[in-house]
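Listing of query33.txt; format and content: compact mmCIF, C-alpha atoms and all ligand atoms.
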# COMPACT_ATOMS: atom_id res chain seq x y z
CA MET Q 17 -27.31 27.42 -0.95
CA ALA Q 18 -27.77 23.96 0.56
CA ASP Q 19 -31.21 23.10 1.91
CA GLN Q 20 -32.12 22.89 5.58
CA VAL Q 21 -31.02 19.71 7.32
CA SER Q 22 -32.21 18.49 10.71
CA SER Q 23 -30.42 16.02 12.95
CA ALA Q 24 -33.55 13.81 12.83
CA ARG Q 25 -33.15 13.57 9.07
CA ILE Q 26 -29.51 12.57 9.41
CA LEU Q 27 -30.36 9.86 11.92
CA GLU Q 28 -33.08 8.53 9.62
CA HIS Q 29 -30.61 8.51 6.72
CA VAL Q 30 -28.06 6.49 8.71
CA GLN Q 31 -30.67 3.97 9.81
CA ARG Q 32 -31.90 3.54 6.27
CA LEU Q 33 -28.36 3.01 4.96
CA GLY Q 34 -27.82 0.31 7.55
CA GLU Q 35 -31.03 -1.46 6.60
CA GLN Q 36 -30.82 -1.13 2.83
CA HIS Q 37 -27.10 -1.60 2.26
CA PRO Q 38 -25.64 -4.58 4.07
CA PRO Q 39 -21.88 -5.03 3.53
CA ILE Q 40 -21.15 -6.78 0.22
CA GLU Q 41 -20.13 -10.39 0.69
CA LEU Q 42 -16.98 -11.71 -0.93
CA ALA Q 43 -18.97 -14.75 -2.08
CA SER Q 44 -21.32 -12.55 -4.13
CA VAL Q 45 -18.54 -11.68 -6.57
CA ASP Q 46 -18.26 -13.40 -9.94
CA ARG Q 47 -14.48 -13.71 -10.28
CA HIS Q 48 -14.49 -14.42 -13.98
CA VAL Q 49 -12.02 -12.12 -15.71
CA HIS Q 50 -11.95 -12.29 -19.46
CA ASP Q 51 -8.46 -10.81 -20.02
CA PRO Q 52 -6.58 -10.27 -16.73
CA ARG Q 53 -3.49 -8.85 -18.44
CA ALA Q 54 -5.43 -6.25 -20.35
CA VAL Q 55 -7.35 -5.19 -17.22
CA ALA Q 56 -4.15 -5.02 -15.18
CA GLY Q 57 -2.47 -3.00 -17.91
CA ARG Q 58 -5.21 -0.44 -18.14
CA TYR Q 59 -6.59 -0.24 -14.61
CA GLY Q 60 -4.17 -2.15 -12.37
CA HIS Q 61 -2.85 0.97 -10.63
CA VAL Q 62 -6.33 2.36 -10.24
CA ILE Q 63 -7.57 -0.82 -8.58
CA ASP Q 64 -4.50 -0.91 -6.33
CA TYR Q 65 -5.13 2.67 -5.27
CA LEU Q 66 -8.83 2.11 -4.61
CA ALA Q 67 -8.16 -1.12 -2.69
CA ARG Q 68 -5.60 0.65 -0.50
CA VAL Q 69 -7.82 3.65 0.20
CA GLU Q 70 -10.80 1.45 1.04
CA LEU Q 71 -8.66 -0.74 3.33
CA GLU Q 72 -7.38 2.37 5.11
CA VAL Q 73 -10.88 2.72 6.59
CA ASP Q 74 -9.54 0.97 9.68
CA ARG Q 75 -7.03 3.75 10.21
CA ASN Q 76 -9.73 6.34 9.52
CA VAL Q 77 -11.76 4.87 12.37
CA LEU Q 78 -8.76 5.14 14.72
CA GLU Q 79 -8.30 8.75 13.61
CA LEU Q 80 -11.92 9.46 14.35
CA LEU Q 81 -11.60 8.11 17.86
CA VAL Q 82 -8.62 10.42 18.31
CA LEU Q 83 -10.25 13.46 16.70
CA LEU Q 84 -13.69 13.20 18.23
CA PRO Q 85 -13.26 12.06 21.83
CA ASP Q 86 -16.91 12.97 22.55
CA VAL Q 87 -18.35 11.53 19.36
CA SER Q 88 -22.13 11.90 18.98
CA GLU Q 89 -24.36 8.83 18.85
CA VAL Q 90 -25.34 9.37 15.22
CA ASP Q 91 -21.70 9.81 14.13
CA ARG Q 92 -20.76 6.68 16.04
CA MET Q 93 -23.63 4.75 14.53
CA PHE Q 94 -22.59 5.84 11.04
CA TYR Q 95 -18.93 4.95 11.21
CA ALA Q 96 -19.23 1.84 13.35
CA ASP Q 97 -22.42 0.22 12.04
CA VAL Q 98 -22.60 1.41 8.44
CA TRP Q 99 -19.48 2.96 7.01
CA GLN Q 100 -16.60 0.82 8.28
CA PRO Q 101 -18.35 -2.53 7.63
CA GLN Q 102 -19.18 -1.44 4.06
CA GLU Q 103 -15.82 0.12 3.19
CA ILE Q 104 -13.72 -2.74 4.49
CA GLN Q 105 -15.61 -5.12 2.16
CA HIS Q 106 -14.96 -2.76 -0.75
CA GLY Q 107 -11.27 -2.94 0.11
CA LEU Q 108 -11.16 -6.72 0.49
CA ILE Q 109 -13.07 -7.30 -2.74
CA LEU Q 110 -10.88 -4.93 -4.77
CA ASP Q 111 -7.73 -6.31 -3.23
CA ARG Q 112 -8.73 -9.84 -4.19
CA LEU Q 113 -9.52 -8.60 -7.69
CA GLN Q 114 -6.06 -7.14 -8.14
CA GLN Q 115 -4.50 -10.36 -6.92
CA ASP Q 116 -6.69 -12.27 -9.38
CA LEU Q 117 -5.15 -10.00 -12.00
CA GLY Q 118 -1.70 -11.16 -10.92
CA ARG Q 119 -0.81 -8.00 -9.00
CA PRO Q 120 0.57 -7.79 -5.45
CA ALA Q 121 -1.78 -7.13 -2.54
CA ALA Q 122 -2.43 -3.55 -1.43
CA GLU Q 123 -0.35 -2.09 1.40
CA PRO Q 124 -2.63 0.20 3.38
CA GLU Q 125 -1.16 2.75 5.79
CA LEU Q 126 -2.70 1.83 9.10
CA GLU Q 127 -0.65 4.01 11.44
CA VAL Q 128 -2.28 7.20 12.75
CA SER Q 129 -0.01 10.14 11.85
CA PHE Q 130 1.69 12.35 14.41
CA LYS Q 131 -0.12 15.42 13.06
CA MET Q 132 -3.44 13.74 13.68
CA LYS Q 133 -2.44 12.87 17.24
CA ILE Q 134 -1.62 16.52 17.94
CA LEU Q 135 -4.97 17.66 16.62
CA GLY Q 136 -6.54 14.89 18.68
CA ALA Q 137 -4.88 16.18 21.84
CA LEU Q 138 -6.26 19.66 21.12
CA ALA Q 139 -9.70 18.20 20.41
CA HIS Q 140 -10.18 17.68 24.12
CA PHE Q 141 -11.08 21.37 24.10
CA SER Q 142 -14.66 21.29 22.90
CA ALA Q 143 -14.28 24.43 20.76
CA ILE Q 144 -11.49 22.69 18.83
CA GLN Q 145 -13.41 19.46 18.60
CA ASP Q 146 -16.26 21.29 16.86
CA ILE Q 147 -13.78 22.49 14.25
CA ALA Q 148 -12.39 18.96 13.92
CA ARG Q 149 -15.94 17.70 13.39
CA LEU Q 150 -16.53 20.14 10.56
CA LEU Q 151 -13.21 19.18 8.93
CA TYR Q 152 -14.08 15.50 9.30
CA TYR Q 153 -17.42 15.99 7.53
CA LEU Q 154 -15.89 18.09 4.76
CA THR Q 155 -13.12 15.55 4.23
CA GLY Q 156 -15.71 12.79 4.14
CA ALA Q 157 -17.86 14.60 1.57
CA SER Q 158 -14.87 15.31 -0.65
CA THR Q 159 -13.57 11.75 -0.33
CA GLU Q 160 -16.86 10.04 -1.07
CA ARG Q 161 -17.46 12.26 -4.08
CA GLN Q 162 -14.04 11.24 -5.42
CA ALA Q 163 -14.99 7.60 -4.91
CA VAL Q 164 -18.25 7.97 -6.83
CA LEU Q 165 -16.49 9.68 -9.73
CA ALA Q 166 -13.81 6.97 -9.90
CA TYR Q 167 -16.28 4.08 -9.78
CA ASN Q 168 -18.46 5.69 -12.46
CA VAL Q 169 -15.56 5.75 -14.92
CA LEU Q 170 -14.37 2.31 -13.90
CA TYR Q 171 -17.83 0.81 -14.38
CA ASP Q 172 -18.04 2.05 -17.97
CA GLY Q 173 -14.40 1.17 -18.58
CA MET Q 174 -14.86 -2.46 -17.47
CA HIS Q 175 -17.91 -2.85 -19.70
CA GLY Q 176 -15.98 -1.27 -22.54
CA MET Q 177 -13.34 -4.00 -22.14
CA GLY Q 178 -15.96 -6.73 -22.11
CA GLU Q 179 -15.44 -7.37 -18.38
CA GLY Q 180 -19.11 -7.61 -17.45
CA ALA Q 181 -18.53 -9.70 -14.32
CA ILE Q 182 -16.18 -7.10 -12.80
CA ALA Q 183 -18.50 -4.25 -13.78
CA GLU Q 184 -21.70 -5.83 -12.49
CA THR Q 185 -20.59 -7.87 -9.47
CA ILE Q 186 -17.74 -5.69 -8.15
CA ILE Q 187 -17.90 -2.09 -9.32
CA ALA Q 188 -21.70 -1.68 -9.49
CA PRO Q 189 -22.45 -2.93 -5.95
CA ILE Q 190 -19.59 -0.85 -4.49
CA ARG Q 191 -20.65 2.21 -6.44
CA ARG Q 192 -24.19 1.90 -5.10
CA GLN Q 193 -22.98 2.32 -1.52
CA GLU Q 194 -20.87 5.47 -1.96
CA PRO Q 195 -23.58 8.13 -2.57
CA GLY Q 196 -25.16 7.31 0.81
CA HIS Q 197 -21.83 8.01 2.50
CA PHE Q 198 -21.49 11.27 0.61
CA ALA Q 199 -25.02 12.29 1.63
CA PHE Q 200 -24.25 11.62 5.29
CA TYR Q 201 -21.21 13.90 5.27
CA ARG Q 202 -22.93 16.57 3.20
CA MET Q 203 -25.94 16.65 5.52
CA SER Q 204 -23.80 16.58 8.67
CA ALA Q 205 -21.57 19.45 7.52
CA THR Q 206 -24.59 21.45 6.42
CA GLU Q 207 -26.39 20.89 9.71
CA LEU Q 208 -23.32 21.87 11.73
CA VAL Q 209 -22.84 25.11 9.82
CA GLN Q 210 -26.54 26.00 9.70
CA SER Q 211 -27.03 25.35 13.42
CA GLY Q 212 -24.84 28.35 14.18
CA ALA Q 213 -22.88 26.28 16.71
CA LEU Q 214 -19.59 27.48 15.23
CA ARG Q 215 -18.38 30.97 16.11
CA PRO Q 216 -16.81 33.12 13.38
CA TRP Q 217 -13.29 32.45 14.74
CA GLN Q 218 -13.93 28.70 14.53
CA LEU Q 219 -15.03 28.96 10.91
CA HIS Q 220 -12.04 31.16 10.20
CA LEU Q 221 -9.68 28.60 11.71
CA ALA Q 222 -11.42 25.81 9.79
CA ARG Q 223 -10.79 27.70 6.53
CA ILE Q 224 -7.12 28.16 7.34
CA MET Q 225 -6.67 24.51 8.30
CA ARG Q 226 -8.43 23.41 5.16
CA GLU Q 227 -6.21 25.62 3.00
CA LYS Q 228 -3.06 24.34 4.68
CA SER Q 229 -3.88 20.68 4.83
CA TYR Q 230 -6.27 19.79 2.02
CA ASN Q 231 -5.41 16.45 0.43
CA LEU Q 232 -7.07 14.37 -2.20
CA VAL Q 233 -8.12 11.01 -0.80
CA GLY Q 234 -5.36 8.50 -0.19
CA THR Q 235 -2.41 10.89 -0.46
CA ASN Q 236 -1.77 10.71 3.29
CA GLY Q 237 0.33 13.87 2.91
CA GLN Q 238 3.07 11.94 1.06
CA ASP Q 239 4.45 12.63 -2.41
CA ARG Q 240 4.61 9.01 -3.47
CA TYR Q 241 0.86 8.74 -2.93
CA ARG Q 242 0.26 12.15 -4.51
CA ALA Q 243 1.95 10.81 -7.65
CA GLN Q 244 -0.27 7.74 -7.50
CA VAL Q 245 -3.39 9.90 -7.24
CA GLY Q 246 -2.19 11.93 -10.23
CA GLY Q 247 -1.77 8.71 -12.18
CA VAL Q 248 -5.24 7.57 -11.23
CA ALA Q 249 -6.67 10.94 -12.32
CA HIS Q 250 -4.89 10.47 -15.63
CA ALA Q 251 -5.99 6.84 -16.10
CA LEU Q 252 -9.60 7.82 -15.42
CA GLY Q 253 -9.46 10.87 -17.68
CA PHE Q 254 -10.00 13.48 -14.94
CA ASP Q 255 -6.94 15.40 -16.12
CA ALA Q 256 -8.82 16.28 -19.33
CA ASP Q 257 -11.00 18.80 -17.46
CA VAL Q 258 -9.42 19.56 -14.09
CA GLU Q 259 -11.81 22.40 -13.27
CA LYS Q 260 -14.82 20.20 -13.78
CA TYR Q 261 -13.31 17.67 -11.38
CA ALA Q 262 -12.47 20.34 -8.80
CA ARG Q 263 -16.04 21.61 -9.03
CA GLU Q 264 -17.50 18.17 -8.44
CA VAL Q 265 -15.23 17.49 -5.48
CA GLY Q 266 -15.15 20.98 -3.94
CA ARG Q 267 -18.69 22.26 -4.43
CA ILE Q 268 -20.00 21.42 -0.96
CA GLU Q 269 -17.21 23.11 0.90
CA ALA Q 270 -17.30 26.12 -1.41
CA GLN Q 271 -20.94 26.53 -0.37
CA LEU Q 272 -20.52 25.89 3.33
CA LEU Q 273 -17.11 27.30 4.16
CA TRP Q 274 -16.65 30.03 1.57
CA ALA Q 275 -20.22 31.25 1.16
CA ASP Q 276 -19.10 34.88 1.39
CA ARG Q 277 -16.97 34.49 -1.76
CA ASN Q 278 -19.70 34.91 -4.31
CA GLY Q 279 -19.45 32.76 -7.35
CA MET Q 280 -16.74 30.45 -6.03
CA ASP Q 281 -17.42 27.04 -7.57
CA TYR Q 282 -14.66 25.27 -5.68
CA PRO Q 283 -11.93 26.33 -3.26
CA PRO Q 284 -8.66 26.98 -5.14
CA TYR Q 285 -6.78 24.49 -2.96
CA VAL Q 286 -8.86 21.63 -4.40
CA LEU Q 287 -7.72 22.41 -7.92
CA LYS Q 288 -4.15 22.95 -6.72
CA ALA Q 289 -4.07 19.55 -5.01
CA LEU Q 290 -5.20 17.90 -8.22
CA LEU Q 291 -2.71 19.77 -10.41
CA ASP Q 292 0.16 19.07 -8.00
CA SER Q 293 -0.67 15.37 -8.08
CA ILE Q 294 -0.80 15.28 -11.86
CA ASP Q 295 2.56 17.09 -12.05
CA LEU Q 296 4.14 14.62 -9.65
CA TYR Q 297 2.79 11.74 -11.69
CA ARG Q 298 4.27 13.23 -14.86
CA GLU Q 299 7.63 13.55 -13.10
CA ARG Q 300 7.89 10.18 -11.51
CA GLY Q 301 5.08 7.94 -12.74
CA PHE Q 302 3.22 5.54 -10.47
CA ASP Q 303 5.45 5.35 -7.49
CA ALA Q 304 3.11 4.05 -4.82
CA ARG Q 305 5.44 1.38 -3.58
CA GLY Q 306 8.21 3.95 -3.27
FE FE Z 401 -15.96 2.51 -0.58
FE FE Z 402 -17.54 5.36 0.89

Go ahead and render the structure in this file as structure tokens.
Ligand SMILES: [Fe+2]
Ligand SMILES: [Fe+2]
Amino acid sequence: MADQVSSARILEHVQRLGEQHPPIELASVDRHVHDPRAVAGRYGHVIDYLARVELEVDRNVLELLVLLPDVSEVDRMFYADVWQPQEIQHGLILDRLQQDLGRPAAEPELEVSFKMKILGALAHFSAIQDIARLLYYLTGASTERQAVLAYNVLYDGMHGMGEGAIAETIIAPIRRQEPGHFAFYRMSATELVQSGALRPWQLHLARIMREKSYNLVGTNGQDRYRAQVGGVAHALGFDADVEKYAREVGRIEAQLLWADRNGMDYPPYVLKALLDSIDLYRERGFDARG
């Protein structure tokens, strides 16, 4: 089981992230690419996907404002002062990289979906907002874990291709910032569950909503993006051991949300989302621009 987490510890974590991890400056990047065609051929779609997802942070912030009308100070501090300023730089840097590789710029989805607006309207009831908060933290933890896994493979892959400048001045600095985001969401979800603030019916509803709506990051509930995610999973080798990937991505919510199911390493819907994406990719290839 996860260890005890206090809100003071979360606040301290957020403050430390802000102090120790300023947003990465575009000027800090060494734009030397040894073989742009080879990099584009092997990782072009992956970089496009990551750039898009990172740039979609601006929509994520709008969603948050909708979902959490009474956002707490520490949540606000995290997304406004730490997370958004860091993620948007990740997006801009990766997007410039893909254009340096001769690829078109990313096209982030910046419109808040209708589904999200409905949930936002319901979130004015505080009992629903508490559920929305838990889902937000779980989504964040899952998303950030996916980011760390992707950047780890990409870092080694770029070195393997002799692209030291990309590995050391783009991927490494971005990768360094993701575990702190993951830790914030993990601690926040853990604290919320451990505090006992959620009634059994709220946890029950959270489980149902999670089962019905779980998405890997960047799919935005659309098949063309699901196919893209499947392609990224393939390009990064995650399709070679899908259960291992599901375990990495789903472990936190298996512990917090499904603690009564002994021995569950990951919720089945995490594995299903991955397998569905890989299937779609096999059917239609990278189809992100639909
Ligand atoms: Fe990021
Ligand atoms: Fe992140």

request  = Mind checking which residues fall within 12 Å of Q:Ala199, counting only C-alpha atoms, ignoring those fewer than 4 positions away in the same chain, and posting them as a list in words?
outcome  = Val21, Arg25, Ile26, Leu27, Glu28, His29, Val30, Leu33, Phe94, Tyr153, Leu154, Gly156, Ala157, Ser158, Thr159, Glu160, Arg161, Val164, Gln193, Glu194, Pro195, Met203, Ser204, Ala205, Thr206, Glu207 and Ile268 of chain Q

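Selection of all polymer residues within 7 Å of ligand FE 401 (chain Z) on the basis of all atoms listed in the file gives Glu70, Gln102, Glu103, His106, Ala163, Ile190 and Glu194 of chain Q.
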
message = Residues within 12 Å of stretch 50-58 of chain Q, please, as a list of chain:residue names. Count all atoms listed in the file; anything in the same chain fewer than 6 positions from it doesn't count.
response = Q:Asp64, Q:Leu113, Q:Gln114, Q:Gln115, Q:Asp116, Q:Leu117, Q:Gly118, Q:Arg119, Q:Pro120, Q:Leu170, Q:Gly173, Q:Met174, Q:His175, Q:Gly176, Q:Met177, Q:Gly178, Q:Glu179, Q:Gly180, Q:Ala181, Q:Ile182, Q:Ala183, Q:Gly247, Q:Val248, Q:His250, Q:Ala251, Q:Leu252

key: Test item: residues at most 10 Å from Q:Ile104, only C-alpha atoms, excluding those fewer than 3 positions along its chain, as a ChimeraX atom specification   = /Q:39-40,67,69-74,99-101,107-110

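Atom to atom, atom CA of Q:Asp239 and atom CA of Q:Ile134 stand 21.6 Å apart.
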
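Neighbouring residues of Q:Met280 at 10 Å or closer, counting all atoms listed in the file and skipping chain neighbours under 4 positions away, are Arg263, Gly266, Arg267, Ala270, Gln271, Trp274, Ala275, Asp276 and Pro284 of chain Q.
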
Restricted to C-alpha atoms, what would the selected residues look like written as a JSON list (two decimals), keeping the file's coordinate frame?
[["chain", "number", "residue", "atom", "x", "y", "z"],
["Q", 263, "ARG", "CA", -16.04, 21.61, -9.03],
["Q", 266, "GLY", "CA", -15.15, 20.98, -3.94],
["Q", 267, "ARG", "CA", -18.69, 22.26, -4.43],
["Q", 270, "ALA", "CA", -17.30, 26.12, -1.41],
["Q", 271, "GLN", "CA", -20.94, 26.53, -0.37],
["Q", 274, "TRP", "CA", -16.65, 30.03, 1.57],
["Q", 275, "ALA", "CA", -20.22, 31.25, 1.16],
["Q", 276, "ASP", "CA", -19.10, 34.88, 1.39],
["Q", 284, "PRO", "CA", -8.66, 26.98, -5.14]]

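Taking atom CA of Q:Gly196 and atom CA of Q:Glu269 as the two end points, the separation is 17.7 Å.
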
Once 6 Å is added on each side, what centre and edge lengths in Å to one decimal does the axis-aligned box around all listed atoms of stretch 270-275 of chain Q have, as lines of an AutoDock Vina configuration file?
center_x = -18.8
center_y = 28.6
center_z = 1.4
size_x = 16.3
size_y = 17.4
size_z = 17.6

Atom CA of Q:Gln162 to atom CA of Q:Leu84, distance in Å rounded to a single decimal = 23.7 Å

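Closest to ligand FE 402 (chain Z) among Q:Ile63, Q:Ile144, Q:Leu165, Q:Leu219 is Q:Leu165, based on only C-alpha atoms and all ligand atoms.
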
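When only C-alpha atoms and all ligand atoms are used to measure the gap to ligand FE 402 (chain Z), the shortest distance among Q:Lys228, Q:Lys288, Q:Arg242, Q:Tyr167 belongs to Q:Tyr167.
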
Close residues, Q:Asp295 itself excluded, 10 Å, only C-alpha atoms, min 4 positions apart in chain, as a PyMOL selection string = chain Q and resi 242-243+246-247+289-291+299-301

Only C-alpha atoms, please: the residues just picked out, written as a JSON list (two decimals), keeping the file's coordinate frame.
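This is the output file part.json:
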[["chain", "number", "residue", "atom", "x", "y", "z"],
["Q", 242, "ARG", "CA", 0.26, 12.15, -4.51],
["Q", 243, "ALA", "CA", 1.95, 10.81, -7.65],
["Q", 246, "GLY", "CA", -2.19, 11.93, -10.23],
["Q", 247, "GLY", "CA", -1.77, 8.71, -12.18],
["Q", 289, "ALA", "CA", -4.07, 19.55, -5.01],
["Q", 290, "LEU", "CA", -5.20, 17.90, -8.22],
["Q", 291, "LEU", "CA", -2.71, 19.77, -10.41],
["Q", 299, "GLU", "CA", 7.63, 13.55, -13.10],
["Q", 300, "ARG", "CA", 7.89, 10.18, -11.51],
["Q", 301, "GLY", "CA", 5.08, 7.94, -12.74]]

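Proximity ranking of Q:Met132, Q:Ile147, Q:Ala249, Q:Met225 relative to Q:Tyr285 places Q:Met225 first, based on all atoms listed in the file.
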
With N, CA and C atoms as the target, complete stretch 268-281 of chain Q and hand it back as a compact mmCIF listing (two decimals), in the coordinates of the input.
# COMPACT_ATOMS: atom_id res chain seq x y z
N ILE Q 268 -19.37 21.35 -2.29
CA ILE Q 268 -20.00 21.42 -0.96
C ILE Q 268 -19.25 22.36 -0.05
N GLU Q 269 -17.92 22.23 -0.03
CA GLU Q 269 -17.21 23.11 0.90
C GLU Q 269 -17.12 24.54 0.41
N ALA Q 270 -17.23 24.74 -0.92
CA ALA Q 270 -17.30 26.12 -1.41
C ALA Q 270 -18.58 26.77 -0.86
N GLN Q 271 -19.66 25.99 -0.85
CA GLN Q 271 -20.94 26.53 -0.37
C GLN Q 271 -20.94 26.76 1.13
N LEU Q 272 -20.39 25.82 1.86
CA LEU Q 272 -20.52 25.89 3.33
C LEU Q 272 -19.45 26.75 3.99
N LEU Q 273 -18.22 26.64 3.47
CA LEU Q 273 -17.11 27.30 4.16
C LEU Q 273 -16.78 28.66 3.55
N TRP Q 274 -17.07 28.81 2.28
CA TRP Q 274 -16.65 30.03 1.57
C TRP Q 274 -17.84 30.76 0.99
N ALA Q 275 -18.97 30.69 1.69
CA ALA Q 275 -20.22 31.25 1.16
C ALA Q 275 -20.12 32.74 0.88
N ASP Q 276 -19.21 33.42 1.60
CA ASP Q 276 -19.10 34.88 1.39
C ASP Q 276 -18.35 35.23 0.10
N ARG Q 277 -17.65 34.22 -0.48
CA ARG Q 277 -16.97 34.49 -1.76
C ARG Q 277 -17.95 34.16 -2.88
N ASN Q 278 -18.68 35.15 -3.29
CA ASN Q 278 -19.70 34.91 -4.31
C ASN Q 278 -19.13 34.31 -5.57
N GLY Q 279 -19.84 33.32 -6.05
CA GLY Q 279 -19.45 32.76 -7.35
C GLY Q 279 -18.31 31.78 -7.29
N MET Q 280 -17.82 31.44 -6.09
CA MET Q 280 -16.74 30.45 -6.03
C MET Q 280 -17.34 29.05 -6.23
N ASP Q 281 -16.90 28.37 -7.29
CA ASP Q 281 -17.42 27.04 -7.57
C ASP Q 281 -16.72 25.97 -6.74
